[in-house]
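Presented below is the structure to which this report refers.
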Amino acid sequence: MINAQDIKIGTAIRMDGKLYFCIDFLHVKPGKGNTFMRTKLKDVVNGYVLERRFNIGEKLEDVRVERRPYQYLYKEGDDYIFMNQETFEQHPIAHDQITGVNFLKEGMVVDVVSDASSETILFAELPVKVQLVVTYTEPGLKGDTATNTLKPATVETGAEVRVPLFINEGETIEIDTRDGSYLGRVKA
């Protein structure tokens with residue numbers, strides 16, 4: 001059990017039978033009345049975000065979570081098979097439990113977050129930035145960098161991203177896995 005004033009970003013708590021991660025918090029001390037914590041909590045299972053107020057001193061059930069590196073091996077049906085880098089055990093993880101799944105390629109190492117008490121896998125997170133090769137896009141035009149116009153491009157994982165006009169097939173680009181945005185071209 002933890003006190004409400006001990007909540008920080010990344011703290012995991014169990015509330016109403018569900019598991020939540022704190023994504024934002026604010027310690028509020030109004031002119032009148034008691035001090036309280038205003039938090040934004042993200043449901044681990046479905047990703048819903050809710051705002052919740054806790055009085056200072058209120059007891060909450062904390063959950064110990066562990067982050068471990070897992071390597072993506074292959075896809076089997078709707079599940080993705082990952083191997084624990086420490087024990088070499090293989091675990092299936094569902095499509096909807098992986099953030100940035102469209103940019104996942106074989107051999108990639110991701111962080112898998114699990115509940116330490118029950119060893120249940122909660123979700124898998126790709127690195128924020130990944131480098132992928134463009135497999136298809138319309139031909140680029142040399143010197144066409146003045147405008148901020150974007151065109152569609154398909155990367156090696158099959159995902160489609162919007163890239164500047166000067167990007168050509170076969171080039172390696174950096175992508176933000178959280179929203180699929182183009183970050184830059186990787187120089188070889």
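Just so we're on the same page: first chain in the structure tokens is A, next is B, and so on; residues restart at 1 for each chain, and ligands are numbered from 1 in the order they show up.
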Polymer residues at most 6 Å from A:Phe82, only C-alpha atoms, same-chain spacing of 2 or more positions, as a list in words: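 Here the answer would be Tyr70, Gln71, Tyr72, Leu73, Gln90 and His91 of chain A.
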For the residues in that selection, give me N, CA, C and O atoms as a CSV table (one decimal), in the first residue's frame.
```
chain,number,residue,atom,x,y,z
A,70,TYR,N,12.7,-8.2,-24.3
A,70,TYR,CA,12.3,-9.4,-25.0
A,70,TYR,C,12.6,-9.1,-26.5
A,70,TYR,O,12.5,-8.0,-27.0
A,71,GLN,N,12.9,-10.2,-27.2
A,71,GLN,CA,13.2,-10.1,-28.6
A,71,GLN,C,12.1,-10.7,-29.4
A,71,GLN,O,11.6,-11.8,-29.1
A,72,TYR,N,11.6,-9.9,-30.4
A,72,TYR,CA,10.5,-10.4,-31.3
A,72,TYR,C,11.1,-11.5,-32.2
A,72,TYR,O,12.1,-11.3,-32.9
A,73,LEU,N,10.4,-12.6,-32.3
A,73,LEU,CA,10.8,-13.8,-33.1
A,73,LEU,C,10.0,-13.9,-34.4
A,73,LEU,O,10.5,-13.8,-35.5
A,90,GLN,N,9.9,-18.5,-24.4
A,90,GLN,CA,9.1,-17.8,-25.4
A,90,GLN,C,7.7,-17.5,-24.9
A,90,GLN,O,7.1,-18.4,-24.3
A,91,HIS,N,7.2,-16.3,-25.2
A,91,HIS,CA,5.9,-15.9,-24.7
A,91,HIS,C,5.1,-15.3,-25.8
A,91,HIS,O,5.6,-14.4,-26.5
```
Polymer residues at most 12 Å from A:Lys75, only C-alpha atoms, same-chain spacing of 6 or more positions, as an MDAnalysis selection string: chainID A and resid 81:82 91:95 101 104:107
Keeping only N, CA, C and O atoms, write the selected residues to a file as a PDB file, in the first residue's frame.
```pdb
ATOM      1  N   ILE A  81       5.209 -13.733 -31.086  1.00  0.00           N
ATOM      2  CA  ILE A  81       6.017 -14.552 -30.188  1.00  0.00           C
ATOM      3  C   ILE A  81       7.304 -13.803 -29.852  1.00  0.00           C
ATOM      4  O   ILE A  81       8.058 -13.417 -30.741  1.00  0.00           O
ATOM      5  N   PHE A  82       7.533 -13.615 -28.549  1.00  0.00           N
ATOM      6  CA  PHE A  82       8.710 -12.922 -28.039  1.00  0.00           C
ATOM      7  C   PHE A  82       9.529 -13.861 -27.172  1.00  0.00           C
ATOM      8  O   PHE A  82       8.990 -14.765 -26.534  1.00  0.00           O
ATOM      9  N   HIS A  91       7.181 -16.314 -25.194  1.00  0.00           N
ATOM     10  CA  HIS A  91       5.869 -15.916 -24.710  1.00  0.00           C
ATOM     11  C   HIS A  91       5.078 -15.280 -25.845  1.00  0.00           C
ATOM     12  O   HIS A  91       5.602 -14.410 -26.549  1.00  0.00           O
ATOM     13  N   PRO A  92       3.805 -15.674 -26.022  1.00  0.00           N
ATOM     14  CA  PRO A  92       2.957 -14.983 -27.007  1.00  0.00           C
ATOM     15  C   PRO A  92       2.374 -13.709 -26.396  1.00  0.00           C
ATOM     16  O   PRO A  92       1.991 -13.690 -25.234  1.00  0.00           O
ATOM     17  N   ILE A  93       2.349 -12.646 -27.180  1.00  0.00           N
ATOM     18  CA  ILE A  93       1.742 -11.385 -26.748  1.00  0.00           C
ATOM     19  C   ILE A  93       0.752 -10.965 -27.825  1.00  0.00           C
ATOM     20  O   ILE A  93       1.074 -10.966 -29.012  1.00  0.00           O
ATOM     21  N   ALA A  94      -0.461 -10.619 -27.397  1.00  0.00           N
ATOM     22  CA  ALA A  94      -1.525 -10.247 -28.329  1.00  0.00           C
ATOM     23  C   ALA A  94      -1.203  -8.934 -29.044  1.00  0.00           C
ATOM     24  O   ALA A  94      -0.492  -8.074 -28.517  1.00  0.00           O
ATOM     25  N   HIS A  95      -1.749  -8.779 -30.234  1.00  0.00           N
ATOM     26  CA  HIS A  95      -1.563  -7.606 -31.101  1.00  0.00           C
ATOM     27  C   HIS A  95      -1.883  -6.305 -30.378  1.00  0.00           C
ATOM     28  O   HIS A  95      -1.135  -5.332 -30.461  1.00  0.00           O
ATOM     29  N   VAL A 101       2.923  -1.483 -32.847  1.00  0.00           N
ATOM     30  CA  VAL A 101       3.071  -2.810 -33.462  1.00  0.00           C
ATOM     31  C   VAL A 101       3.307  -2.749 -34.974  1.00  0.00           C
ATOM     32  O   VAL A 101       3.952  -3.628 -35.533  1.00  0.00           O
ATOM     33  N   LEU A 104       7.058  -3.030 -35.900  1.00  0.00           N
ATOM     34  CA  LEU A 104       7.793  -4.145 -35.306  1.00  0.00           C
ATOM     35  C   LEU A 104       8.365  -5.036 -36.398  1.00  0.00           C
ATOM     36  O   LEU A 104       7.637  -5.476 -37.287  1.00  0.00           O
ATOM     37  N   LYS A 105       9.685  -5.288 -36.344  1.00  0.00           N
ATOM     38  CA  LYS A 105      10.288  -6.201 -37.311  1.00  0.00           C
ATOM     39  C   LYS A 105      11.043  -7.293 -36.563  1.00  0.00           C
ATOM     40  O   LYS A 105      11.421  -7.123 -35.408  1.00  0.00           O
ATOM     41  N   GLU A 106      11.239  -8.411 -37.233  1.00  0.00           N
ATOM     42  CA  GLU A 106      11.865  -9.573 -36.607  1.00  0.00           C
ATOM     43  C   GLU A 106      13.240  -9.231 -36.060  1.00  0.00           C
ATOM     44  O   GLU A 106      14.018  -8.530 -36.695  1.00  0.00           O
ATOM     45  N   GLY A 107      13.522  -9.738 -34.859  1.00  0.00           N
ATOM     46  CA  GLY A 107      14.805  -9.518 -34.222  1.00  0.00           C
ATOM     47  C   GLY A 107      14.860  -8.269 -33.363  1.00  0.00           C
ATOM     48  O   GLY A 107      15.833  -8.058 -32.642  1.00  0.00           O
TER      49      GLY A 107
END
```
So that I can see what lies close to A:Arg68, please list as a PDB file with N, CA and C atoms, in the first residue's frame the residues with an atom at most 7 Å from it, counting only C-alpha atoms and leaving out residues fewer than 5 positions away in the same chain.
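Written file, result-v2.pdb:
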```pdb
ATOM      1  N   ASP A 111      10.714  -3.529 -24.781  1.00  0.00           N
ATOM      2  CA  ASP A 111      10.517  -3.614 -23.332  1.00  0.00           C
ATOM      3  C   ASP A 111       9.163  -4.241 -23.070  1.00  0.00           C
ATOM      4  N   VAL A 112       9.139  -5.333 -22.302  1.00  0.00           N
ATOM      5  CA  VAL A 112       7.885  -5.973 -21.927  1.00  0.00           C
ATOM      6  C   VAL A 112       7.657  -5.698 -20.446  1.00  0.00           C
ATOM      7  N   VAL A 113       6.482  -5.133 -20.137  1.00  0.00           N
ATOM      8  CA  VAL A 113       6.129  -4.785 -18.763  1.00  0.00           C
ATOM      9  C   VAL A 113       5.210  -5.873 -18.224  1.00  0.00           C
TER      10      VAL A 113
END
```
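Between atom CA of A:Val110 and atom CA of A:Val45 there is a distance of 18.3 Å.
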Sel. of strand (DSSP E or B) residues, stretch 59-159 of chain A, as a ChimeraX atom specification: /A:59-62,65-76,79-84,90-94,98-99,109-115,120-125,129-137,150-155
If you keep C-alpha atoms, can you produce a file of those selected residues as an mmCIF file, in the first residue's frame?
```cif
data_model
loop_
_atom_site.group_PDB
_atom_site.id
_atom_site.type_symbol
_atom_site.label_atom_id
_atom_site.label_comp_id
_atom_site.auth_asym_id
_atom_site.auth_seq_id
_atom_site.Cartn_x
_atom_site.Cartn_y
_atom_site.Cartn_z
ATOM 1 C CA LYS A 59 -4.104 4.470 0.936
ATOM 2 C CA LEU A 60 -3.798 2.915 -2.533
ATOM 3 C CA GLU A 61 -2.842 -0.593 -3.608
ATOM 4 C CA ASP A 62 0.423 -0.351 -5.504
ATOM 5 C CA VAL A 65 5.905 -4.005 -12.313
ATOM 6 C CA GLU A 66 9.045 -5.188 -14.045
ATOM 7 C CA ARG A 67 10.463 -4.125 -17.400
ATOM 8 C CA ARG A 68 12.484 -6.749 -19.199
ATOM 9 C CA PRO A 69 14.003 -6.892 -22.685
ATOM 10 C CA TYR A 70 12.284 -9.352 -25.015
ATOM 11 C CA GLN A 71 13.227 -10.097 -28.626
ATOM 12 C CA TYR A 72 10.531 -10.410 -31.294
ATOM 13 C CA LEU A 73 10.826 -13.750 -33.106
ATOM 14 C CA TYR A 74 7.791 -14.314 -35.357
ATOM 15 C CA LYS A 75 4.036 -13.916 -35.747
ATOM 16 C CA GLU A 76 1.684 -16.829 -35.127
ATOM 17 C CA ASP A 79 -0.157 -13.372 -31.461
ATOM 18 C CA TYR A 80 3.423 -12.192 -31.658
ATOM 19 C CA ILE A 81 6.017 -14.552 -30.188
ATOM 20 C CA PHE A 82 8.710 -12.922 -28.039
ATOM 21 C CA MET A 83 11.726 -14.436 -26.304
ATOM 22 C CA ASN A 84 12.856 -13.324 -22.852
ATOM 23 C CA GLN A 90 9.112 -17.775 -25.439
ATOM 24 C CA HIS A 91 5.869 -15.916 -24.710
ATOM 25 C CA PRO A 92 2.957 -14.983 -27.007
ATOM 26 C CA ILE A 93 1.742 -11.385 -26.748
ATOM 27 C CA ALA A 94 -1.525 -10.247 -28.329
ATOM 28 C CA ILE A 98 1.958 -3.951 -28.231
ATOM 29 C CA THR A 99 2.394 -0.199 -28.663
ATOM 30 C CA VAL A 109 14.244 -5.924 -28.867
ATOM 31 C CA VAL A 110 11.314 -4.349 -26.981
ATOM 32 C CA ASP A 111 10.517 -3.614 -23.332
ATOM 33 C CA VAL A 112 7.885 -5.973 -21.927
ATOM 34 C CA VAL A 113 6.129 -4.785 -18.763
ATOM 35 C CA SER A 114 4.780 -7.497 -16.476
ATOM 36 C CA ASP A 115 3.085 -7.667 -13.076
ATOM 37 C CA THR A 120 1.335 -11.642 -16.147
ATOM 38 C CA ILE A 121 2.470 -9.711 -19.214
ATOM 39 C CA LEU A 122 0.704 -6.345 -19.284
ATOM 40 C CA PHE A 123 2.029 -4.771 -22.494
ATOM 41 C CA ALA A 124 5.065 -4.413 -24.750
ATOM 42 C CA GLU A 125 6.628 -1.112 -25.797
ATOM 43 C CA LYS A 129 12.551 5.799 -32.429
ATOM 44 C CA VAL A 130 13.074 3.016 -34.970
ATOM 45 C CA GLN A 131 15.009 2.985 -38.226
ATOM 46 C CA LEU A 132 13.290 1.333 -41.180
ATOM 47 C CA VAL A 133 13.978 1.075 -44.907
ATOM 48 C CA VAL A 134 11.488 2.608 -47.369
ATOM 49 C CA THR A 135 10.293 -0.199 -49.677
ATOM 50 C CA TYR A 136 7.911 1.838 -51.851
ATOM 51 C CA THR A 137 7.253 5.509 -52.522
ATOM 52 C CA LEU A 150 4.470 15.026 -47.449
ATOM 53 C CA LYS A 151 3.819 11.912 -49.551
ATOM 54 C CA PRO A 152 2.916 8.346 -48.527
ATOM 55 C CA ALA A 153 5.687 5.756 -48.239
ATOM 56 C CA THR A 154 5.637 2.080 -47.280
ATOM 57 C CA VAL A 155 8.395 0.821 -44.959
#
```
Selection near stretch 29-38 of chain A, 7 Å with only C-alpha atoms, sequence-local residues under 3 positions removed, as a PyMOL selection string: chain A and resi 4-5+25-26+52-56
Could you save those same residues with N, CA, C and O atoms as a PDB file, in the first residue's frame?
```pdb
ATOM      1  N   ALA A   4      -1.397   8.381  -1.187  1.00  0.00           N
ATOM      2  CA  ALA A   4      -1.731   9.115  -2.411  1.00  0.00           C
ATOM      3  C   ALA A   4      -0.653  10.140  -2.763  1.00  0.00           C
ATOM      4  O   ALA A   4      -0.381  10.362  -3.934  1.00  0.00           O
ATOM      5  N   GLN A   5      -0.002  10.751  -1.762  1.00  0.00           N
ATOM      6  CA  GLN A   5       1.004  11.765  -2.055  1.00  0.00           C
ATOM      7  C   GLN A   5       2.288  11.174  -2.633  1.00  0.00           C
ATOM      8  O   GLN A   5       3.139  11.897  -3.128  1.00  0.00           O
ATOM      9  N   PHE A  25       0.449  13.890 -12.791  1.00  0.00           N
ATOM     10  CA  PHE A  25      -0.061  14.169 -11.452  1.00  0.00           C
ATOM     11  C   PHE A  25       0.208  15.618 -11.082  1.00  0.00           C
ATOM     12  O   PHE A  25       1.086  16.263 -11.642  1.00  0.00           O
ATOM     13  N   LEU A  26      -0.587  16.119 -10.135  1.00  0.00           N
ATOM     14  CA  LEU A  26      -0.420  17.484  -9.660  1.00  0.00           C
ATOM     15  C   LEU A  26      -0.806  17.516  -8.188  1.00  0.00           C
ATOM     16  O   LEU A  26      -1.884  17.050  -7.812  1.00  0.00           O
ATOM     17  N   ARG A  52      -8.509  11.390 -11.825  1.00  0.00           N
ATOM     18  CA  ARG A  52      -8.982  10.973 -10.504  1.00  0.00           C
ATOM     19  C   ARG A  52      -8.312  11.827  -9.441  1.00  0.00           C
ATOM     20  O   ARG A  52      -7.131  12.130  -9.554  1.00  0.00           O
ATOM     21  N   ARG A  53      -9.082  12.221  -8.407  1.00  0.00           N
ATOM     22  CA  ARG A  53      -8.549  12.983  -7.281  1.00  0.00           C
ATOM     23  C   ARG A  53      -8.412  12.061  -6.078  1.00  0.00           C
ATOM     24  O   ARG A  53      -9.283  11.249  -5.804  1.00  0.00           O
ATOM     25  N   PHE A  54      -7.302  12.202  -5.377  1.00  0.00           N
ATOM     26  CA  PHE A  54      -7.073  11.441  -4.154  1.00  0.00           C
ATOM     27  C   PHE A  54      -6.740  12.409  -3.033  1.00  0.00           C
ATOM     28  O   PHE A  54      -5.942  13.332  -3.229  1.00  0.00           O
ATOM     29  N   ASN A  55      -7.332  12.191  -1.852  1.00  0.00           N
ATOM     30  CA  ASN A  55      -6.986  13.000  -0.692  1.00  0.00           C
ATOM     31  C   ASN A  55      -5.611  12.570  -0.175  1.00  0.00           C
ATOM     32  O   ASN A  55      -5.249  11.401  -0.260  1.00  0.00           O
ATOM     33  N   ILE A  56      -4.887  13.519   0.369  1.00  0.00           N
ATOM     34  CA  ILE A  56      -3.572  13.206   0.937  1.00  0.00           C
ATOM     35  C   ILE A  56      -3.772  12.250   2.112  1.00  0.00           C
ATOM     36  O   ILE A  56      -4.652  12.437   2.941  1.00  0.00           O
TER      37      ILE A  56
END
```
Sel. of helix (DSSP H, G or I) residues, chain A, as an mmCIF file with C-alpha atoms, in the first residue's frame:
```cif
data_model
loop_
_atom_site.group_PDB
_atom_site.id
_atom_site.type_symbol
_atom_site.label_atom_id
_atom_site.label_comp_id
_atom_site.auth_asym_id
_atom_site.auth_seq_id
_atom_site.Cartn_x
_atom_site.Cartn_y
_atom_site.Cartn_z
ATOM 1 C CA ALA A 4 -1.731 9.115 -2.411
ATOM 2 C CA GLN A 5 1.004 11.765 -2.055
ATOM 3 C CA ASP A 6 3.606 9.180 -3.162
ATOM 4 C CA HIS A 95 -1.563 -7.606 -31.101
ATOM 5 C CA ASP A 96 -3.438 -5.030 -29.004
ATOM 6 C CA GLN A 97 -0.934 -5.265 -26.111
ATOM 7 C CA VAL A 101 3.071 -2.810 -33.462
ATOM 8 C CA ASN A 102 3.036 -1.576 -37.085
ATOM 9 C CA PHE A 103 6.769 -0.824 -36.871
#
```
Separation of atom CA of A:Ile13 from atom CA of A:Val63 in Å: 5.3 Å
